[in-house]
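Just work.txt here, compact mmCIF, C-alpha atoms:
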# COMPACT_ATOMS: atom_id res chain seq x y z
CA MET A 855 -1.95 46.51 20.80
CA SER A 856 -4.63 43.80 20.86
CA MET A 857 -8.09 44.74 22.03
CA VAL A 858 -11.21 42.87 23.08
CA ARG A 859 -14.71 44.27 23.23
CA GLN A 860 -17.18 42.10 25.17
CA ILE A 861 -20.90 42.49 24.59
CA GLY A 862 -22.91 41.40 27.60
CA PRO A 863 -26.67 41.31 28.33
CA GLY A 864 -28.52 44.51 29.19
CA HIS A 865 -26.53 46.86 26.90
CA GLY A 866 -27.74 48.79 23.86
CA PRO A 867 -30.94 50.70 22.93
CA ARG A 868 -34.39 49.26 23.52
CA LEU A 869 -35.80 47.66 20.37
CA PRO A 870 -39.24 48.48 18.93
CA GLY A 871 -41.94 45.81 18.96
CA ALA A 872 -41.31 44.51 15.43
CA ALA A 873 -37.56 44.27 16.02
CA GLN A 874 -38.18 42.47 19.33
CA GLY A 875 -40.29 39.93 17.43
CA VAL A 876 -37.42 39.31 15.01
CA LEU A 877 -35.01 39.00 17.94
CA VAL A 878 -37.26 36.40 19.61
CA LEU A 879 -37.45 34.40 16.36
CA VAL A 880 -33.66 34.45 15.95
CA THR A 881 -33.24 33.31 19.55
CA LEU A 882 -35.65 30.40 19.03
CA LEU A 883 -33.83 29.35 15.85
CA THR A 884 -30.50 29.45 17.67
CA LEU A 885 -31.85 27.34 20.53
CA ALA A 886 -33.32 24.84 18.10
CA SER A 887 -30.02 24.37 16.28
CA ALA A 888 -28.04 24.02 19.53
CA GLN A 889 -30.25 21.47 21.25
CA HIS A 890 -27.41 18.91 21.29
CA ALA A 891 -24.63 21.44 21.90
CA SER A 892 -23.13 22.64 25.15
CA ALA A 893 -25.47 24.73 27.34
CA GLN A 894 -22.92 27.57 27.52
CA HIS A 895 -20.64 28.94 24.83
CA ILE A 896 -18.42 31.78 23.69
CA ARG A 897 -18.87 33.29 20.25
CA GLY A 898 -17.34 36.29 18.55
CA ARG A 899 -15.45 37.73 15.62
CA LEU A 900 -11.79 38.05 14.65
CA ILE A 901 -10.90 41.49 13.22
CA ASP A 902 -7.71 43.06 11.84
CA LEU A 903 -6.74 45.85 14.28
CA GLU A 904 -5.43 48.16 11.53
CA THR A 905 -7.94 47.62 8.70
CA ASP A 906 -11.09 46.53 10.62
CA LEU A 907 -11.47 43.70 8.08
CA PRO A 908 -12.48 40.19 9.19
CA ILE A 909 -9.75 37.57 9.63
CA PRO A 910 -10.69 34.16 8.15
CA VAL A 911 -9.13 30.82 9.14
CA GLY A 912 -7.90 32.12 12.50
CA PHE A 913 -7.25 29.55 15.23
CA LEU A 914 -9.36 30.01 18.38
CA THR A 915 -8.54 27.87 21.41
CA LEU A 916 -10.48 27.49 24.66
CA LEU A 917 -8.06 27.02 27.57
CA SER A 918 -8.79 25.96 31.13
CA ALA A 919 -7.50 27.95 34.11
CA ASP A 920 -4.44 25.66 34.18
CA SER A 921 -3.79 26.21 30.42
CA ASN A 922 -5.08 22.85 29.18
CA VAL A 923 -6.70 22.88 25.72
CA ILE A 924 -10.46 22.30 26.02
CA ALA A 925 -11.72 23.01 22.48
CA THR A 926 -10.59 24.62 19.23
CA THR A 927 -12.22 26.12 16.16
CA LEU A 928 -11.50 28.24 13.08
CA SER A 929 -12.97 31.61 12.19
CA ASP A 930 -15.09 31.58 9.02
CA ALA A 931 -14.77 33.78 5.92
CA ASP A 932 -16.34 36.71 7.81
CA GLY A 933 -14.22 36.23 10.92
CA TYR A 934 -16.99 34.68 13.03
CA TRP A 935 -16.29 31.81 15.43
CA ARG A 936 -17.89 29.85 18.28
CA LEU A 937 -16.49 27.71 21.10
CA ASP A 938 -18.75 25.41 23.12
CA VAL A 939 -17.92 25.42 26.85
CA PRO A 940 -18.32 22.00 28.50
CA ARG A 941 -19.05 23.24 32.04
CA PRO A 942 -19.20 26.47 34.11
CA ALA A 943 -15.69 27.53 35.12
CA VAL A 944 -12.96 30.10 34.48
CA TYR A 945 -11.42 29.98 30.99
CA TYR A 946 -9.04 31.79 28.66
CA VAL A 947 -9.48 32.21 24.89
CA ALA A 948 -6.41 32.28 22.63
CA ALA A 949 -6.46 33.62 19.05
CA ASP A 950 -3.73 33.03 16.47
CA ARG A 951 -3.32 33.51 12.71
CA LEU A 952 -0.40 33.57 10.31
CA GLY A 953 0.78 37.18 9.94
CA TYR A 954 -0.68 38.38 13.27
CA GLN A 955 0.51 38.63 16.85
CA PRO A 956 -1.06 35.87 19.00
CA TRP A 957 -3.62 37.04 21.58
CA VAL A 958 -4.81 35.47 24.84
CA SER A 959 -7.79 36.97 26.65
CA GLY A 960 -7.90 37.60 30.37
CA PRO A 961 -9.69 35.08 32.62
CA VAL A 962 -13.37 34.73 31.66
CA GLU A 963 -15.82 33.24 34.17
CA ILE A 964 -18.61 31.30 32.44
CA GLY A 965 -21.74 30.37 34.39
CA ALA A 966 -24.42 27.82 33.54
CA GLU A 967 -26.10 28.61 30.19
CA ASP A 968 -24.02 31.79 29.76
CA GLU A 969 -23.32 33.17 26.29
CA LEU A 970 -20.37 35.52 25.90
CA ASN A 971 -19.88 37.59 22.73
CA SER A 972 -16.39 38.95 22.09
CA ILE A 973 -14.64 40.81 19.29
CA PHE A 974 -10.90 40.11 19.11
CA HIS A 975 -8.67 42.61 17.28
CA LEU A 976 -5.35 41.09 16.19
CA LYS A 977 -2.36 43.24 15.31
CA PRO A 978 -0.67 42.39 11.99
CA ARG A 979 2.89 41.13 12.23
CA PRO A 980 5.28 40.63 9.29
CA VAL A 981 6.02 36.98 8.59
CA MET A 982 9.75 36.39 9.06
CA LEU A 983 10.75 33.24 7.19
CA GLU A 984 13.75 31.18 8.20
CA PRO A 985 16.54 30.52 5.69
CA ILE A 986 15.24 28.33 2.85
CA ASN A 987 17.14 25.17 3.83
CA VAL A 988 16.02 25.34 7.48
CA GLN A 989 12.43 26.19 6.48
CA ALA A 990 12.28 23.25 4.04
CA ARG A 991 13.44 20.77 6.67
CA ALA A 992 10.91 22.13 9.19
CA VAL A 993 8.06 21.84 6.66
CA ARG A 994 8.92 18.24 5.79
CA ARG A 995 9.19 17.31 9.48
CA TYR A 996 5.73 18.79 10.10
CA LEU A 997 4.21 16.93 7.15
CA GLU A 998 5.89 13.71 8.25
CA TYR A 999 4.54 14.18 11.78
CA SER A 1000 1.06 14.77 10.34
CA GLY A 1001 1.19 11.50 8.35
CA PHE A 1002 1.25 13.27 4.96
CA PHE A 1003 4.01 11.17 3.37
CA GLU A 1004 2.72 7.90 4.86
CA ARG A 1005 -0.69 8.52 3.26
CA GLN A 1006 1.02 9.48 0.00
CA ARG A 1007 2.82 6.11 -0.04
CA SER A 1008 -0.53 4.31 0.35
CA ASN A 1009 -1.33 5.43 -3.24
CA PHE A 1010 -4.81 6.74 -2.39
CA GLY A 1011 -5.73 10.26 -3.45
CA HIS A 1012 -3.64 13.02 -5.03
CA PHE A 1013 -0.90 14.91 -3.20
CA VAL A 1014 0.59 18.38 -3.72
CA THR A 1015 4.03 18.36 -2.09
CA PRO A 1016 6.17 21.30 -0.93
CA GLU A 1017 8.30 20.86 -4.06
CA ASP A 1018 5.17 21.04 -6.25
CA ILE A 1019 4.09 24.27 -4.52
CA ASP A 1020 7.51 25.90 -4.95
CA ARG A 1021 7.66 24.85 -8.61
CA ARG A 1022 4.15 26.09 -9.50
CA GLN A 1023 4.62 29.66 -8.17
CA ALA A 1024 0.81 30.01 -8.06
CA SER A 1025 -0.93 33.22 -7.02
CA ARG A 1026 -3.88 31.40 -5.35
CA VAL A 1027 -4.21 28.22 -3.31
CA THR A 1028 -6.93 26.90 -5.64
CA GLU A 1029 -4.52 27.16 -8.59
CA LEU A 1030 -2.35 24.48 -6.95
CA LEU A 1031 -5.16 21.95 -7.59
CA SER A 1032 -5.98 22.88 -11.19
CA THR A 1033 -3.88 20.07 -12.70
CA ILE A 1034 -5.51 17.28 -10.67
CA PRO A 1035 -7.99 15.23 -12.75
CA GLY A 1036 -11.64 15.77 -11.76
CA VAL A 1037 -10.93 19.09 -9.97
CA GLN A 1038 -12.71 22.23 -11.14
CA ARG A 1039 -12.28 25.83 -9.96
CA VAL A 1040 -15.56 27.76 -9.71
CA ALA A 1041 -15.76 31.53 -9.09
CA VAL A 1042 -17.63 32.48 -5.90
CA THR A 1043 -18.43 35.94 -7.29
CA SER A 1044 -18.60 37.41 -10.77
CA GLY A 1045 -15.34 38.62 -12.27
CA SER A 1046 -11.82 37.23 -12.11
CA VAL A 1047 -10.49 38.89 -8.95
CA GLY A 1048 -12.67 37.22 -6.30
CA PRO A 1049 -11.98 33.93 -4.52
CA THR A 1050 -12.85 30.62 -6.16
CA GLN A 1051 -14.15 27.32 -4.84
CA ILE A 1052 -13.02 23.81 -5.61
CA GLN A 1053 -15.53 21.23 -6.83
CA LEU A 1054 -14.87 17.56 -7.54
CA ARG A 1055 -16.27 15.52 -10.44
CA GLY A 1056 -17.25 11.89 -10.28
CA SER A 1057 -17.66 11.60 -6.50
CA ASN A 1058 -20.03 9.09 -4.89
CA LEU A 1059 -22.64 11.80 -4.31
CA SER A 1060 -22.47 13.74 -7.57
CA GLN A 1061 -22.87 10.68 -9.85
CA GLY A 1062 -20.55 12.22 -12.41
CA GLY A 1063 -21.56 15.83 -11.68
CA MET A 1064 -19.80 18.41 -9.52
CA CYS A 1065 -20.02 18.96 -5.76
CA ARG A 1066 -18.04 20.68 -2.99
CA PRO A 1067 -15.71 18.44 -0.94
CA ARG A 1068 -15.22 18.63 2.81
CA VAL A 1069 -12.10 20.66 3.71
CA PHE A 1070 -9.69 20.35 6.65
CA VAL A 1071 -6.94 22.87 7.49
CA ASP A 1072 -4.15 21.61 9.78
CA GLY A 1073 -6.43 18.84 11.01
CA LEU A 1074 -9.44 21.07 11.82
CA MET A 1075 -12.60 21.11 9.73
CA TYR A 1076 -12.75 24.32 7.68
CA SER A 1077 -15.71 23.63 5.36
CA ARG A 1078 -18.34 20.88 5.57
CA GLY A 1079 -18.94 20.76 1.82
CA ASP A 1080 -22.06 19.37 0.17
CA SER A 1081 -22.14 16.05 2.05
CA ARG A 1082 -24.26 16.20 5.18
CA PRO A 1083 -25.81 13.55 7.44
CA VAL A 1084 -29.52 12.83 6.97
CA ARG A 1085 -31.63 14.50 9.69
CA GLN A 1086 -34.88 12.86 10.73
CA ASN A 1087 -37.99 14.67 12.05
CA GLU A 1088 -36.34 18.07 11.95
CA SER A 1089 -38.43 21.15 12.77
CA ASP A 1090 -38.91 24.02 10.33
CA ALA A 1091 -37.03 26.33 12.72
CA THR A 1092 -33.98 24.06 12.75
CA GLU A 1093 -34.10 23.67 8.97
CA ARG A 1094 -33.92 27.45 8.57
CA VAL A 1095 -30.86 27.61 10.82
CA VAL A 1096 -29.25 24.78 8.85
CA ASP A 1097 -29.94 26.69 5.62
CA VAL A 1098 -28.17 29.77 7.03
CA ASP A 1099 -25.22 27.64 8.15
CA GLN A 1100 -25.03 26.06 4.69
CA ARG A 1101 -25.00 29.44 2.95
CA LEU A 1102 -22.09 30.55 5.17
CA ASP A 1103 -20.29 27.30 4.39
CA GLU A 1104 -20.81 27.78 0.65
CA GLY A 1105 -19.08 31.18 0.85
CA LEU A 1106 -15.79 29.70 2.12
CA SER A 1107 -12.87 29.34 -0.29
CA LEU A 1108 -9.44 27.74 -0.09
CA ASP A 1109 -8.10 31.08 -1.31
CA ASP A 1110 -9.13 32.60 2.05
CA ILE A 1111 -6.49 30.48 3.79
CA GLY A 1112 -3.69 32.72 2.56
CA HIS A 1113 -1.03 32.93 -0.13
CA PRO A 1114 0.16 29.61 -1.62
CA SER A 1115 3.61 30.28 -0.12
CA THR A 1116 2.06 29.67 3.32
CA VAL A 1117 0.87 26.17 2.32
CA ALA A 1118 3.06 23.14 3.10
CA GLY A 1119 1.07 20.43 1.33
CA ILE A 1120 -2.38 19.42 0.10
CA GLU A 1121 -4.18 16.06 -0.02
CA VAL A 1122 -7.15 15.49 -2.37
CA TYR A 1123 -9.46 12.49 -1.99
CA ARG A 1124 -12.07 12.51 -4.75
CA SER A 1125 -14.36 9.86 -3.28
CA ALA A 1126 -15.36 8.55 0.15
CA SER A 1127 -13.65 5.22 -0.50
CA GLN A 1128 -10.26 7.01 -0.59
CA VAL A 1129 -10.72 9.15 2.54
CA PRO A 1130 -8.51 8.15 5.54
CA VAL A 1131 -10.23 7.38 8.84
CA GLN A 1132 -8.91 10.52 10.58
CA PHE A 1133 -10.77 12.67 8.02
CA GLY A 1134 -14.07 10.82 8.17
CA GLY A 1135 -13.34 7.63 6.26
CA SER A 1136 -15.97 6.19 3.95
CA SER A 1137 -19.18 7.77 5.26
CA ILE A 1138 -22.18 9.81 4.15
CA GLU A 1139 -20.37 12.99 5.26
CA THR A 1140 -17.45 12.40 2.87
CA LEU A 1141 -19.36 11.38 -0.27
CA CYS A 1142 -18.17 14.53 -2.07
CA GLY A 1143 -14.58 13.74 -1.21
CA VAL A 1144 -12.15 15.52 1.12
CA ILE A 1145 -9.36 18.08 0.71
CA VAL A 1146 -6.75 18.44 3.47
CA VAL A 1147 -4.52 21.53 3.58
CA TRP A 1148 -1.41 21.71 5.74
CA THR A 1149 0.09 25.17 6.33
CA ARG A 1150 3.72 26.04 7.03
CA THR A 1151 2.79 27.39 10.47
CA GLY A 1152 0.32 24.62 11.31
CA ARG A 1153 0.08 22.97 14.68
CA THR A 1154 -1.64 19.96 16.19
CA TYR A 1155 -4.53 20.69 18.57
CA SER A 1156 -6.69 18.40 20.63
CA GLY A 1157 -10.46 18.86 20.61
CA LYS A 1158 -12.97 19.30 17.80
CA ARG A 1159 -14.48 22.17 15.92

Written as structure tokens, that's how I'd like the structure from this file.
Amino acid sequence: MSMVRQIGPGHGPRLPGAAQGVLVLVTLLTLASAQHASAQHIRGRLIDLETDLPIPVGFLTLLSADSNVIATTLSDADGYWRLDVPRPAVYYVAADRLGYQPWVSGPVEIGAEDELNSIFHLKPRPVMLEPINVQARAVRRYLEYSGFFERQRSNFGHFVTPEDIDRRQASRVTELLSTIPGVQRVAVTSGSVGPTQIQLRGSNLSQGGMCRPRVFVDGLMYSRGDSRPVRQNESDATERVVDVDQRLDEGLSLDDIGHPSTVAGIEVYRSASQVPVQFGGSSIETLCGVIVVWTRTGRTYSGKR
């Protein structure tokens, strides 16, 4: 059974003076970072109903009252997500992730400048794969629909095909990229059991060094990477919020997406000059290159993260 716990204003114990001061500072930082964002939004966390562990790379979709898609996003490594609401109205929020039962919230009425905090608990569901021949045809149709093979024929970038994935029998998604020139796997934590990150060598930004590429999963941005637009006249408060956002981004790993058997194909563009227009093209935000991951249960959404 899926459950939602909504946290509204006016609940919880009264904070002491020092804690209230911290709360005020956090609020100001949040407002500073959202000055160009929507005035109202829904944020929350995606949690496994049975283990209480966070669910990364979950799809969250904001739906209008007539079921039209308004916006989409992905949960981060700790299960957190945020959806900006364009205008006050009644909405639904849908949550989906490979290996879990999909969930759609009840109608949620959002007023001007409202902020709704929700915790979504998803119930695990065994992944039932189709027979191999049917599954293979479905994967190739999805990749063809997504433009994967057309971009491969353009001879820009490096491509990991479904056949490559089946042949490698890797235990981690990052291992699928280890044979590509200029790709390096870097451990996020000490030891050999934790997730690893992918860094690219010789990109426009790194000048022969290593930096983190921008990552897309099924067409949605998953990680911004080390390339960021230049911000002019930014306040100290906003800079602190950006620093926090960057630290969260640095903690994301391709290994959090799931087992390699759930991946349909991967595209690796090691420099901005190779990046297709739909993934940012040649710009300051793609100077570290771009990695695009397509999953076997992926879908095409409208809207932006």

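The shortest atom-to-atom distance to Ala1118 in chain A, with all atoms listed in the file taken into account, belongs to A:Ser1000 out of A:Gln955, A:Ser1000, A:Gln1051, A:Ser972.
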
**Message:** Could you check which residues have any atom within 8 Å of (8.6, 26.4, 13.1), counting all atoms listed in the file with coordinates taken straight from the file, and then list them as JSON, numbers by chain?
**Reply:** {"A": [989, 992, 993, 1150, 1151]}

**Request:** Have a look at CA of Gln1038 in chain A and CA of Arg1055 in chain A and let me know their distance in Å, one decimal.
**Result:** 7.6 Å

**Spatial neighbours of His1113 in chain A, max dist 8 Å, only C-alpha atoms, sep filter under 5 positions, as a ChimeraX atom specification** = /A:1025-1027

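In terms of minimum interatomic distance to Glu1017 in chain A, A:Val1117 ranks closest within A:Phe974, A:Val1117, A:Asp906, A:Asn922, counting only C-alpha atoms.
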
**Asked** What does the distance between CA of Ser1107 in chain A and CA of Glu969 in chain A come to in Å, to one decimal place?
**Response** 28.8 Å

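Residues lying within 8 Å of range 937-946 of chain A, counting only C-alpha atoms and ignoring same-chain neighbours fewer than 6 positions away, are Ala891, Ser892, Ala893, Gln894, His895, Ile896, Arg897, Leu914, Thr915, Leu916, Leu917, Ser918, Ala919, Ser921, Ala925, Thr926, Thr927, Val958, Ser959, Gly960, Pro961, Val962, Glu963, Ile964, Gly965, Ala966 and Arg1159 of chain A.
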
Coordinates of box centre and edge lengths for range 932-944 of chain A, 4 Å on every side, axis-aligned, as AutoDock Vina command-line options:
--center_x -16.1 --center_y 29.4 --center_z 21.5 --size_x 14.2 --size_y 22.7 --size_z 35.3
